[in-house]
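Undergrad: Following this line is query-v8.cif, made up of mmCIF, C-alpha atoms:
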```cif
data_my_file
loop_
_atom_site.group_PDB
_atom_site.id
_atom_site.type_symbol
_atom_site.label_atom_id
_atom_site.label_comp_id
_atom_site.auth_asym_id
_atom_site.auth_seq_id
_atom_site.Cartn_x
_atom_site.Cartn_y
_atom_site.Cartn_z
ATOM 1 C CA MET A 158 -20.882 19.266 -16.823
ATOM 2 C CA THR A 159 -20.300 17.126 -19.905
ATOM 3 C CA ASP A 160 -18.367 17.848 -23.072
ATOM 4 C CA GLU A 161 -21.643 17.562 -24.988
ATOM 5 C CA ALA A 162 -23.253 20.234 -22.813
ATOM 6 C CA THR A 163 -20.411 22.738 -23.180
ATOM 7 C CA LYS A 164 -20.645 22.476 -26.964
ATOM 8 C CA THR A 165 -24.430 22.760 -27.130
ATOM 9 C CA THR A 166 -26.015 26.164 -27.725
ATOM 10 C CA VAL A 167 -29.537 26.704 -26.437
ATOM 11 C CA MET A 168 -32.272 29.298 -26.831
ATOM 12 C CA VAL A 169 -35.083 29.376 -24.254
ATOM 13 C CA VAL A 170 -38.512 30.582 -25.438
ATOM 14 C CA ASP A 171 -41.141 31.198 -22.756
ATOM 15 C CA ASP A 172 -43.585 34.024 -22.042
ATOM 16 C CA HIS A 173 -43.064 33.908 -18.262
ATOM 17 C CA PRO A 174 -39.882 35.888 -17.451
ATOM 18 C CA ILE A 175 -39.283 34.271 -14.050
ATOM 19 C CA TRP A 176 -39.583 30.734 -15.473
ATOM 20 C CA ARG A 177 -37.600 31.637 -18.603
ATOM 21 C CA ASP A 178 -34.763 33.151 -16.594
ATOM 22 C CA ALA A 179 -34.730 30.234 -14.156
ATOM 23 C CA VAL A 180 -34.481 27.659 -16.957
ATOM 24 C CA ALA A 181 -31.748 29.671 -18.681
ATOM 25 C CA ARG A 182 -29.823 29.961 -15.422
ATOM 26 C CA ASP A 183 -30.136 26.236 -14.632
ATOM 27 C CA LEU A 184 -28.989 25.266 -18.114
ATOM 28 C CA THR A 185 -26.016 27.619 -17.878
ATOM 29 C CA ASN A 186 -25.091 26.079 -14.524
ATOM 30 C CA ASP A 187 -25.332 22.647 -16.126
ATOM 31 C CA GLY A 188 -22.785 23.677 -18.742
ATOM 32 C CA PHE A 189 -24.944 24.541 -21.746
ATOM 33 C CA ARG A 190 -24.348 27.787 -23.636
ATOM 34 C CA VAL A 191 -27.580 29.751 -23.501
ATOM 35 C CA VAL A 192 -27.166 32.110 -26.438
ATOM 36 C CA ALA A 193 -30.605 33.751 -26.443
ATOM 37 C CA THR A 194 -34.017 33.934 -24.799
ATOM 38 C CA ALA A 195 -37.343 35.040 -26.269
ATOM 39 C CA ASP A 196 -40.935 35.486 -25.166
ATOM 40 C CA GLY A 197 -42.859 35.176 -28.406
ATOM 41 C CA VAL A 198 -43.067 33.948 -31.971
ATOM 42 C CA ASP A 199 -41.579 37.060 -33.552
ATOM 43 C CA SER A 200 -38.710 37.452 -31.088
ATOM 44 C CA ALA A 201 -37.893 33.740 -31.297
ATOM 45 C CA ARG A 202 -37.776 33.918 -35.083
ATOM 46 C CA ARG A 203 -35.555 37.007 -35.137
ATOM 47 C CA ARG A 204 -33.094 35.685 -32.559
ATOM 48 C CA ALA A 205 -32.920 32.185 -34.017
ATOM 49 C CA ALA A 206 -32.040 33.695 -37.391
ATOM 50 C CA VAL A 207 -29.017 35.339 -35.781
ATOM 51 C CA VAL A 208 -27.728 32.792 -33.236
ATOM 52 C CA LYS A 209 -28.865 29.537 -34.926
ATOM 53 C CA PRO A 210 -28.996 27.548 -31.658
ATOM 54 C CA ASP A 211 -28.478 23.799 -31.562
ATOM 55 C CA VAL A 212 -31.565 23.359 -29.381
ATOM 56 C CA VAL A 213 -34.571 25.575 -28.744
ATOM 57 C CA VAL A 214 -36.456 24.915 -25.497
ATOM 58 C CA MET A 215 -39.970 25.983 -26.471
ATOM 59 C CA ASP A 216 -43.070 26.792 -24.416
ATOM 60 C CA MET A 217 -46.495 26.310 -26.014
ATOM 61 C CA GLN A 218 -48.142 29.552 -24.857
ATOM 62 C CA LEU A 219 -46.328 32.710 -25.956
ATOM 63 C CA THR A 220 -47.025 36.431 -25.894
ATOM 64 C CA ASP A 221 -47.954 36.710 -29.568
ATOM 65 C CA GLY A 222 -48.916 33.195 -30.580
ATOM 66 C CA THR A 223 -48.239 29.549 -29.868
ATOM 67 C CA GLY A 224 -45.258 27.293 -29.576
ATOM 68 C CA VAL A 225 -46.445 25.530 -32.721
ATOM 69 C CA GLN A 226 -46.201 28.772 -34.682
ATOM 70 C CA ALA A 227 -42.852 29.607 -33.105
ATOM 71 C CA THR A 228 -41.468 26.136 -33.866
ATOM 72 C CA ALA A 229 -42.310 26.500 -37.539
ATOM 73 C CA ALA A 230 -40.921 30.056 -37.615
ATOM 74 C CA VAL A 231 -37.655 29.113 -35.916
ATOM 75 C CA LEU A 232 -37.040 26.114 -38.170
ATOM 76 C CA GLU A 233 -37.740 28.241 -41.224
ATOM 77 C CA VAL A 234 -34.893 30.643 -40.407
ATOM 78 C CA SER A 235 -32.644 28.098 -38.683
ATOM 79 C CA PRO A 236 -33.138 24.612 -40.160
ATOM 80 C CA VAL A 237 -30.107 23.347 -38.235
ATOM 81 C CA SER A 238 -31.874 23.931 -34.925
ATOM 82 C CA ARG A 239 -33.876 21.270 -33.104
ATOM 83 C CA VAL A 240 -36.897 22.157 -30.995
ATOM 84 C CA LEU A 241 -37.669 20.562 -27.631
ATOM 85 C CA VAL A 242 -41.040 21.644 -26.274
ATOM 86 C CA LEU A 243 -41.199 22.220 -22.514
ATOM 87 C CA SER A 244 -44.817 22.959 -21.660
ATOM 88 C CA ALA A 245 -47.355 22.744 -18.857
ATOM 89 C CA SER A 246 -49.793 21.241 -21.347
ATOM 90 C CA ASP A 247 -49.968 17.528 -22.021
ATOM 91 C CA GLU A 248 -53.048 17.823 -24.224
ATOM 92 C CA ARG A 249 -53.090 15.454 -27.188
ATOM 93 C CA GLU A 250 -53.656 18.222 -29.721
ATOM 94 C CA ASP A 251 -50.779 20.346 -28.398
ATOM 95 C CA VAL A 252 -48.342 17.434 -28.510
ATOM 96 C CA LEU A 253 -49.256 16.289 -32.014
ATOM 97 C CA GLU A 254 -49.367 19.798 -33.476
ATOM 98 C CA ALA A 255 -45.927 20.555 -32.028
ATOM 99 C CA VAL A 256 -44.458 17.410 -33.571
ATOM 100 C CA LYS A 257 -46.119 18.114 -36.916
ATOM 101 C CA ALA A 258 -44.593 21.618 -36.845
ATOM 102 C CA GLY A 259 -41.154 20.044 -36.507
ATOM 103 C CA ALA A 260 -40.512 19.654 -32.771
ATOM 104 C CA THR A 261 -38.092 16.844 -32.004
ATOM 105 C CA GLY A 262 -39.449 16.141 -28.533
ATOM 106 C CA TYR A 263 -41.948 17.168 -25.895
ATOM 107 C CA LEU A 264 -41.545 17.352 -22.112
ATOM 108 C CA VAL A 265 -44.044 18.573 -19.558
ATOM 109 C CA LYS A 266 -42.873 21.183 -17.062
ATOM 110 C CA SER A 267 -43.161 18.728 -14.186
ATOM 111 C CA ALA A 268 -40.006 17.056 -15.549
ATOM 112 C CA ALA A 269 -37.039 17.093 -13.197
ATOM 113 C CA ARG A 270 -34.049 19.286 -13.965
ATOM 114 C CA ALA A 271 -31.945 16.202 -14.728
ATOM 115 C CA GLU A 272 -34.583 15.007 -17.220
ATOM 116 C CA LEU A 273 -34.450 18.343 -19.037
ATOM 117 C CA THR A 274 -30.660 18.269 -19.153
ATOM 118 C CA GLN A 275 -30.652 14.739 -20.551
ATOM 119 C CA ALA A 276 -33.403 15.619 -23.030
ATOM 120 C CA ILE A 277 -31.481 18.617 -24.387
ATOM 121 C CA THR A 278 -28.352 16.511 -24.839
ATOM 122 C CA ALA A 279 -30.378 13.825 -26.632
ATOM 123 C CA THR A 280 -32.170 16.406 -28.772
ATOM 124 C CA ALA A 281 -28.875 17.982 -29.803
ATOM 125 C CA ALA A 282 -27.720 14.515 -30.877
ATOM 126 C CA GLY A 283 -30.805 14.118 -33.067
ATOM 127 C CA ARG A 284 -32.796 11.761 -30.861
ATOM 128 C CA ALA A 285 -36.523 12.147 -30.255
ATOM 129 C CA VAL A 286 -37.393 12.641 -26.573
ATOM 130 C CA PHE A 287 -40.855 12.568 -25.016
ATOM 131 C CA THR A 288 -42.295 12.506 -21.515
ATOM 132 C CA PRO A 289 -43.006 8.762 -21.077
ATOM 133 C CA SER A 290 -46.772 9.242 -20.842
ATOM 134 C CA LEU A 291 -46.754 11.053 -24.206
ATOM 135 C CA ALA A 292 -44.477 8.745 -26.174
ATOM 136 C CA GLY A 293 -47.212 6.178 -26.793
ATOM 137 C CA LEU A 294 -49.543 8.911 -28.016
ATOM 138 C CA VAL A 295 -47.064 10.106 -30.626
ATOM 139 C CA LEU A 296 -46.152 6.600 -31.762
ATOM 140 C CA GLY A 297 -49.817 5.695 -32.063
ATOM 141 C CA GLU A 298 -50.574 8.748 -34.179
ATOM 142 C CA TYR A 299 -47.688 8.077 -36.560
ATOM 143 C CA ARG A 300 -48.824 4.497 -36.981
ATOM 144 C CA ARG A 301 -52.411 5.572 -37.595
ATOM 145 C CA ILE A 302 -51.277 7.986 -40.313
ATOM 146 C CA ALA A 303 -49.013 5.358 -41.827
ATOM 147 C CA GLN A 304 -51.790 2.765 -41.979
ATOM 148 C CA THR A 305 -54.110 5.132 -43.833
ATOM 149 C CA THR A 306 -51.600 6.731 -46.214
ATOM 150 C CA THR A 307 -48.771 4.301 -46.896
ATOM 151 C CA THR A 308 -48.505 0.871 -48.440
ATOM 152 C CA GLY A 309 -45.567 -1.500 -48.487
ATOM 153 C CA ALA A 310 -45.107 -0.860 -52.195
ATOM 154 C CA ASP A 311 -44.357 2.781 -51.430
ATOM 155 C CA ARG A 312 -41.326 1.978 -49.323
ATOM 156 C CA PRO A 313 -37.824 2.343 -50.753
ATOM 157 C CA SER A 314 -35.884 -0.899 -50.716
ATOM 158 C CA LEU A 315 -33.613 -1.281 -47.690
ATOM 159 C CA THR A 316 -31.251 -4.151 -47.106
ATOM 160 C CA ALA A 317 -31.801 -6.411 -44.103
ATOM 161 C CA ARG A 318 -28.836 -4.798 -42.338
ATOM 162 C CA GLU A 319 -30.048 -1.271 -43.077
ATOM 163 C CA THR A 320 -33.467 -2.157 -41.686
ATOM 164 C CA GLU A 321 -31.842 -3.630 -38.576
ATOM 165 C CA VAL A 322 -29.783 -0.484 -38.032
ATOM 166 C CA LEU A 323 -32.877 1.667 -38.615
ATOM 167 C CA ARG A 324 -34.748 -0.166 -35.851
ATOM 168 C CA TYR A 325 -32.011 0.734 -33.379
ATOM 169 C CA VAL A 326 -31.869 4.340 -34.580
ATOM 170 C CA ALA A 327 -35.615 4.586 -33.914
ATOM 171 C CA LYS A 328 -34.985 3.428 -30.351
ATOM 172 C CA GLY A 329 -32.547 6.297 -29.834
ATOM 173 C CA LEU A 330 -29.295 4.325 -29.819
ATOM 174 C CA SER A 331 -26.084 6.032 -30.899
ATOM 175 C CA ALA A 332 -23.859 4.659 -33.664
ATOM 176 C CA LYS A 333 -21.455 3.373 -31.015
ATOM 177 C CA GLN A 334 -24.232 1.536 -29.157
ATOM 178 C CA ILE A 335 -25.610 0.049 -32.378
ATOM 179 C CA ALA A 336 -22.127 -1.097 -33.365
ATOM 180 C CA GLU A 337 -21.774 -2.908 -30.043
ATOM 181 C CA ARG A 338 -25.175 -4.566 -30.404
ATOM 182 C CA LEU A 339 -24.480 -5.798 -33.930
ATOM 183 C CA SER A 340 -20.757 -6.511 -33.530
ATOM 184 C CA LEU A 341 -19.894 -4.027 -36.263
ATOM 185 C CA SER A 342 -17.488 -1.116 -36.434
ATOM 186 C CA ARG A 343 -18.896 2.325 -35.692
ATOM 187 C CA ARG A 344 -17.865 3.424 -39.188
ATOM 188 C CA THR A 345 -19.846 0.586 -40.749
ATOM 189 C CA VAL A 346 -22.944 1.564 -38.794
ATOM 190 C CA GLU A 347 -22.540 5.204 -39.819
ATOM 191 C CA ASN A 348 -22.221 4.110 -43.460
ATOM 192 C CA HIS A 349 -25.482 2.151 -43.170
ATOM 193 C CA VAL A 350 -27.201 5.172 -41.621
ATOM 194 C CA GLN A 351 -25.978 7.475 -44.395
ATOM 195 C CA ALA A 352 -27.089 4.990 -47.058
ATOM 196 C CA THR A 353 -30.510 4.893 -45.436
ATOM 197 C CA PHE A 354 -30.631 8.711 -45.415
ATOM 198 C CA ARG A 355 -30.097 8.694 -49.169
ATOM 199 C CA LYS A 356 -32.603 5.946 -49.942
ATOM 200 C CA LEU A 357 -35.360 7.425 -47.777
ATOM 201 C CA GLN A 358 -34.512 11.020 -48.730
ATOM 202 C CA VAL A 359 -34.324 12.208 -45.131
ATOM 203 C CA ALA A 360 -31.902 14.779 -43.765
ATOM 204 C CA ASN A 361 -31.149 13.606 -40.216
ATOM 205 C CA ARG A 362 -31.760 11.012 -37.508
ATOM 206 C CA VAL A 363 -34.963 12.705 -36.371
ATOM 207 C CA GLU A 364 -36.564 12.297 -39.805
ATOM 208 C CA LEU A 365 -35.174 8.771 -39.995
ATOM 209 C CA THR A 366 -36.783 7.964 -36.638
ATOM 210 C CA ARG A 367 -40.089 9.365 -37.814
ATOM 211 C CA TYR A 368 -39.921 7.205 -40.930
ATOM 212 C CA ALA A 369 -39.266 4.128 -38.793
ATOM 213 C CA ILE A 370 -42.201 4.956 -36.508
ATOM 214 C CA GLU A 371 -44.546 5.649 -39.405
ATOM 215 C CA HIS A 372 -43.708 2.307 -40.989
ATOM 216 C CA GLY A 373 -43.733 0.238 -37.810
ATOM 217 C CA LEU A 374 -39.980 -0.339 -37.903
ATOM 218 C CA ASP A 375 -39.364 0.935 -34.360
ATOM 219 C CA SER A 376 -40.200 -2.432 -32.817
ATOM 220 C CA GLU A 377 -38.872 -5.933 -33.288
ATOM 221 C CA PRO A 378 -40.468 -7.930 -36.131
#
```
What would you get if you wrote out this structure as C-alpha coordinates?
TA:
Amino acid sequence: MTDEATKTTVMVVDDHPIWRDAVARDLTNDGFRVVATADGVDSARRRAAVVKPDVVVMDMQLTDGTGVQATAAVLEVSPVSRVLVLSASDEREDVLEAVKAGATGYLVKSAARAELTQAITATAAGRAVFTPSLAGLVLGEYRRIAQTTTTGADRPSLTARETEVLRYVAKGLSAKQIAERLSLSRRTVENHVQATFRKLQVANRVELTRYAIEHGLDSEP
(Lines of atoms letter the chains of each structure in order from A and count residues from 1; the text may use other names and numbers.)
(Lines give C-alpha, C1' and ligand atoms only; values in the text may rest on other atoms or scores of the structure.)
Protein backbone atom coordinates (compact mmCIF):
# COMPACT_ATOMS: atom_id res chain seq x y z
CA MET A 1 0.00 0.00 0.00
CA THR A 2 1.41 3.38 -0.99
CA ASP A 3 0.61 6.85 0.29
CA GLU A 4 -0.65 7.71 -3.20
CA ALA A 5 -3.09 4.80 -3.14
CA THR A 6 -4.55 5.65 0.27
CA LYS A 7 -5.30 9.18 -0.91
CA THR A 8 -6.82 8.16 -4.24
CA THR A 9 -10.59 7.76 -4.52
CA VAL A 10 -11.91 5.41 -7.18
CA MET A 11 -15.26 4.59 -8.75
CA VAL A 12 -15.62 1.30 -10.65
CA VAL A 13 -18.11 1.22 -13.55
CA ASP A 14 -18.88 -2.19 -15.06
CA ASP A 15 -22.08 -4.00 -16.03
CA HIS A 16 -20.90 -7.39 -14.74
CA PRO A 17 -21.49 -7.48 -10.95
CA ILE A 18 -19.00 -10.28 -10.24
CA TRP A 19 -16.20 -8.52 -12.16
CA ARG A 20 -17.14 -5.10 -10.76
CA ASP A 21 -17.13 -6.36 -7.19
CA ALA A 22 -13.86 -8.24 -7.69
CA VAL A 23 -12.10 -5.15 -9.08
CA ALA A 24 -13.47 -2.99 -6.27
CA ARG A 25 -12.34 -5.53 -3.68
CA ASP A 26 -8.84 -5.84 -5.18
CA LEU A 27 -8.42 -2.07 -5.32
CA THR A 28 -9.56 -1.73 -1.71
CA ASN A 29 -7.04 -4.40 -0.69
CA ASP A 30 -4.36 -2.48 -2.56
CA GLY A 31 -5.11 0.61 -0.49
CA PHE A 32 -7.32 2.67 -2.80
CA ARG A 33 -10.56 4.18 -1.47
CA VAL A 34 -13.36 2.80 -3.61
CA VAL A 35 -16.10 5.36 -3.02
CA ALA A 36 -18.71 4.10 -5.49
CA THR A 37 -19.58 1.49 -8.11
CA ALA A 38 -22.02 1.72 -11.02
CA ASP A 39 -23.32 -0.46 -13.82
CA GLY A 40 -24.43 2.06 -16.41
CA VAL A 41 -24.23 5.53 -17.88
CA ASP A 42 -26.98 7.03 -15.73
CA SER A 43 -25.82 5.51 -12.45
CA ALA A 44 -22.21 6.48 -13.16
CA ARG A 45 -23.24 10.06 -13.85
CA ARG A 46 -25.37 10.34 -10.71
CA ARG A 47 -22.75 8.84 -8.41
CA ALA A 48 -19.84 10.76 -9.90
CA ALA A 49 -21.75 14.00 -9.32
CA VAL A 50 -21.89 13.16 -5.62
CA VAL A 51 -18.53 11.50 -4.83
CA LYS A 52 -16.32 13.22 -7.47
CA PRO A 53 -13.76 10.38 -7.58
CA ASP A 54 -10.14 10.97 -8.50
CA VAL A 55 -10.20 8.05 -10.94
CA VAL A 56 -13.05 6.23 -12.66
CA VAL A 57 -12.27 2.69 -13.85
CA MET A 58 -14.62 2.40 -16.83
CA ASP A 59 -15.86 -0.58 -18.83
CA MET A 60 -16.91 -0.04 -22.46
CA GLN A 61 -20.13 -2.08 -22.45
CA LEU A 62 -22.70 -0.95 -19.89
CA THR A 63 -26.32 -1.74 -19.10
CA ASP A 64 -27.75 1.40 -20.67
CA GLY A 65 -25.09 2.57 -23.09
CA THR A 66 -21.36 2.61 -23.69
CA GLY A 67 -18.27 3.56 -21.79
CA VAL A 68 -17.79 6.41 -24.25
CA GLN A 69 -21.15 7.88 -23.26
CA ALA A 70 -20.46 7.28 -19.58
CA THR A 71 -17.02 8.91 -19.82
CA ALA A 72 -18.50 12.06 -21.28
CA ALA A 73 -21.33 12.05 -18.71
CA VAL A 74 -19.01 11.56 -15.74
CA LEU A 75 -16.60 14.30 -16.84
CA GLU A 76 -19.51 16.67 -17.37
CA VAL A 77 -20.60 16.41 -13.72
CA SER A 78 -17.13 15.83 -12.26
CA PRO A 79 -14.45 17.56 -14.36
CA VAL A 80 -11.85 16.84 -11.67
CA SER A 81 -12.16 13.10 -12.28
CA ARG A 82 -9.93 11.16 -14.65
CA VAL A 83 -11.21 8.14 -16.55
CA LEU A 84 -9.19 4.96 -17.07
CA VAL A 85 -10.94 2.51 -19.37
CA LEU A 86 -10.62 -1.17 -18.43
CA SER A 87 -12.25 -3.16 -21.21
CA ALA A 88 -12.20 -6.54 -22.92
CA SER A 89 -12.21 -4.71 -26.25
CA ASP A 90 -9.03 -3.61 -27.96
CA GLU A 91 -10.82 -2.50 -31.12
CA ARG A 92 -9.37 0.62 -32.73
CA GLU A 93 -12.70 2.45 -32.78
CA ASP A 94 -13.40 1.77 -29.09
CA VAL A 95 -9.97 3.02 -28.03
CA LEU A 96 -10.06 6.21 -30.08
CA GLU A 97 -13.66 7.06 -29.20
CA ALA A 98 -12.90 6.62 -25.49
CA VAL A 99 -9.92 8.96 -25.71
CA LYS A 100 -11.90 11.52 -27.71
CA ALA A 101 -14.60 11.41 -25.00
CA GLY A 102 -11.97 12.35 -22.43
CA ALA A 103 -10.51 9.08 -21.14
CA THR A 104 -6.97 9.48 -19.85
CA GLY A 105 -5.93 5.90 -20.53
CA TYR A 106 -7.04 2.51 -21.78
CA LEU A 107 -6.17 -0.96 -20.48
CA VAL A 108 -7.48 -4.29 -21.68
CA LYS A 109 -8.90 -6.66 -19.07
CA SER A 110 -6.05 -9.12 -19.59
CA ALA A 111 -3.83 -6.64 -17.70
CA ALA A 112 -2.34 -7.97 -14.49
CA ARG A 113 -3.57 -6.66 -11.15
CA ALA A 114 -0.25 -4.87 -10.60
CA GLU A 115 -0.61 -3.15 -13.99
CA LEU A 116 -4.06 -1.87 -13.03
CA THR A 117 -2.80 -0.60 -9.69
CA GLN A 118 0.10 1.22 -11.33
CA ALA A 119 -2.18 2.60 -14.04
CA ILE A 120 -4.64 4.04 -11.50
CA THR A 121 -1.81 5.70 -9.58
CA ALA A 122 -0.43 7.16 -12.83
CA THR A 123 -3.89 8.28 -13.96
CA ALA A 124 -4.52 10.02 -10.64
CA ALA A 125 -1.23 11.87 -11.16
CA GLY A 126 -2.38 13.06 -14.58
CA ARG A 127 -0.34 10.71 -16.74
CA ALA A 128 -1.75 8.97 -19.81
CA VAL A 129 -1.59 5.16 -19.55
CA PHE A 130 -2.27 2.66 -22.33
CA THR A 131 -1.83 -1.06 -22.84
CA PRO A 132 1.47 -1.16 -24.79
CA SER A 133 -0.12 -2.58 -27.93
CA LEU A 134 -2.59 0.34 -28.01
CA ALA A 135 -0.21 3.21 -27.29
CA GLY A 136 1.11 3.33 -30.85
CA LEU A 137 -2.44 3.40 -32.19
CA VAL A 138 -3.36 6.43 -30.12
CA LEU A 139 -0.13 8.28 -30.88
CA GLY A 140 -0.55 7.59 -34.58
CA GLU A 141 -4.10 8.92 -34.60
CA TYR A 142 -3.13 12.13 -32.81
CA ARG A 143 -0.32 12.69 -35.27
CA ARG A 144 -2.60 12.04 -38.23
CA ILE A 145 -5.10 14.60 -36.93
CA ALA A 146 -2.33 17.08 -36.23
CA GLN A 147 -0.89 16.76 -39.73
CA THR A 148 -4.25 17.47 -41.35
CA THR A 149 -5.48 20.25 -39.05
CA THR A 150 -2.50 22.09 -37.58
CA THR A 151 0.35 24.11 -38.98
CA GLY A 152 3.46 25.37 -37.25
CA ALA A 153 2.13 28.92 -37.45
CA ASP A 154 -0.78 27.91 -35.23
CA ARG A 155 1.44 26.94 -32.33
CA PRO A 156 1.89 29.29 -29.38
CA SER A 157 5.49 30.30 -28.84
CA LEU A 158 7.30 28.19 -26.25
CA THR A 159 10.83 28.75 -25.08
CA ALA A 160 13.44 26.07 -25.73
CA ARG A 161 13.35 25.07 -22.06
CA GLU A 162 9.55 24.91 -21.99
CA THR A 163 9.59 22.69 -25.07
CA GLU A 164 12.21 20.46 -23.45
CA VAL A 165 10.12 20.12 -20.29
CA LEU A 166 7.02 19.43 -22.40
CA ARG A 167 8.76 16.52 -24.13
CA TYR A 168 9.41 14.89 -20.77
CA VAL A 169 5.86 15.55 -19.56
CA ALA A 170 4.59 13.76 -22.68
CA LYS A 171 6.71 10.76 -21.73
CA GLY A 172 4.99 10.59 -18.34
CA LEU A 173 7.85 11.84 -16.16
CA SER A 174 7.06 13.58 -12.88
CA ALA A 175 8.37 17.05 -12.04
CA LYS A 176 10.96 15.46 -9.76
CA GLN A 177 12.19 13.13 -12.51
CA ILE A 178 12.34 15.97 -15.05
CA ALA A 179 14.27 18.11 -12.58
CA GLU A 180 16.84 15.34 -12.18
CA ARG A 181 17.18 14.89 -15.94
CA LEU A 182 17.68 18.60 -16.59
CA SER A 183 19.63 19.44 -13.42
CA LEU A 184 16.98 21.93 -12.34
CA SER A 185 15.05 22.40 -9.13
CA ARG A 186 11.62 20.79 -8.93
CA ARG A 187 10.11 24.24 -8.39
CA THR A 188 11.69 25.52 -11.60
CA VAL A 189 10.27 22.61 -13.56
CA GLU A 190 6.82 23.18 -12.07
CA ASN A 191 7.05 26.86 -13.03
CA HIS A 192 7.86 25.89 -16.62
CA VAL A 193 4.91 23.48 -16.68
CA GLN A 194 2.53 26.14 -15.35
CA ALA A 195 3.81 28.67 -17.89
CA THR A 196 3.19 26.12 -20.63
CA PHE A 197 -0.34 25.52 -19.30
CA ARG A 198 -1.06 29.23 -19.69
CA LYS A 199 0.47 29.59 -23.15
CA LEU A 200 -1.26 26.51 -24.57
CA GLN A 201 -4.50 27.16 -22.67
CA VAL A 202 -4.67 23.65 -21.23
CA ALA A 203 -5.91 22.73 -17.78
CA ASN A 204 -3.74 19.77 -16.72
CA ARG A 205 -0.91 17.40 -17.63
CA VAL A 206 -3.22 15.13 -19.60
CA GLU A 207 -4.19 17.94 -21.98
CA LEU A 208 -0.56 19.04 -22.11
CA THR A 209 0.47 15.50 -23.08
CA ARG A 210 -2.16 15.42 -25.79
CA TYR A 211 -0.88 18.71 -27.17
CA ALA A 212 2.66 17.33 -27.25
CA ILE A 213 1.51 14.17 -29.05
CA GLU A 214 -0.58 16.10 -31.56
CA HIS A 215 2.37 18.32 -32.42
CA GLY A 216 5.02 15.61 -32.49
CA LEU A 217 6.74 16.91 -29.36
CA ASP A 218 6.62 13.57 -27.52
CA SER A 219 9.81 12.34 -29.18
CA GLU A 220 13.33 13.68 -29.41
CA PRO A 221 13.96 16.16 -32.25
Undergrad: Find the residues near Val214 in chain A: any atom within 8 Å, counting all atoms listed in the file, skip ones fewer than 6 places away on the same chain, and give them as a list in words.
TA: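 Using all atoms listed in the file, the neighbours found are Val167, Met168, Val169, Val170, Val240, Leu241, Val242 and Leu243 of chain A.
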Undergrad: Any idea what the distance is between CA of Val363 in chain A and CA of Leu264 in chain A?
TA: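 Here the two named atoms are 16.4 Å from each other.
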Undergrad: Calculated over all atoms listed in the file, which of the candidates A:Arg190, A:His173, A:Arg204, A:Lys257 has the smallest distance to Ala245 in chain A?
TA: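 The shortest atom-to-atom distance to Ala245 in chain A comes from A:His173.
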Undergrad: Using all atoms listed in the file, which residues sit within 7 Å of range 225-234 of chain A once same-chain residues fewer than 2 positions away are excluded, as a list in words?
TA: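 Counting all atoms listed in the file, the residues come to Val198, Ala201, Arg202, Ala205, Ala206, Met217, Gly222, Thr223, Pro236, Ser238, Val240, Glu254, Ala255, Ala258, Gly259 and Ala260 of chain A.
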Undergrad: Pick out the residues sitting within 12 Å of Glu321 in chain A, and hand them over as a ChimeraX atom specification; count only C-alpha atoms, and ignore anything fewer than 2 positions along from it in its own chain.
TA: /A:315-319,323-328,335-336,338-339,346,349-350,353,369,374-378
Undergrad: If you measure from CA of Arg239 in chain A to CA of Gln275 in chain A, what distance in Å do you get, rounded to one decimal?
TA: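 These atoms are spaced 14.5 Å apart.
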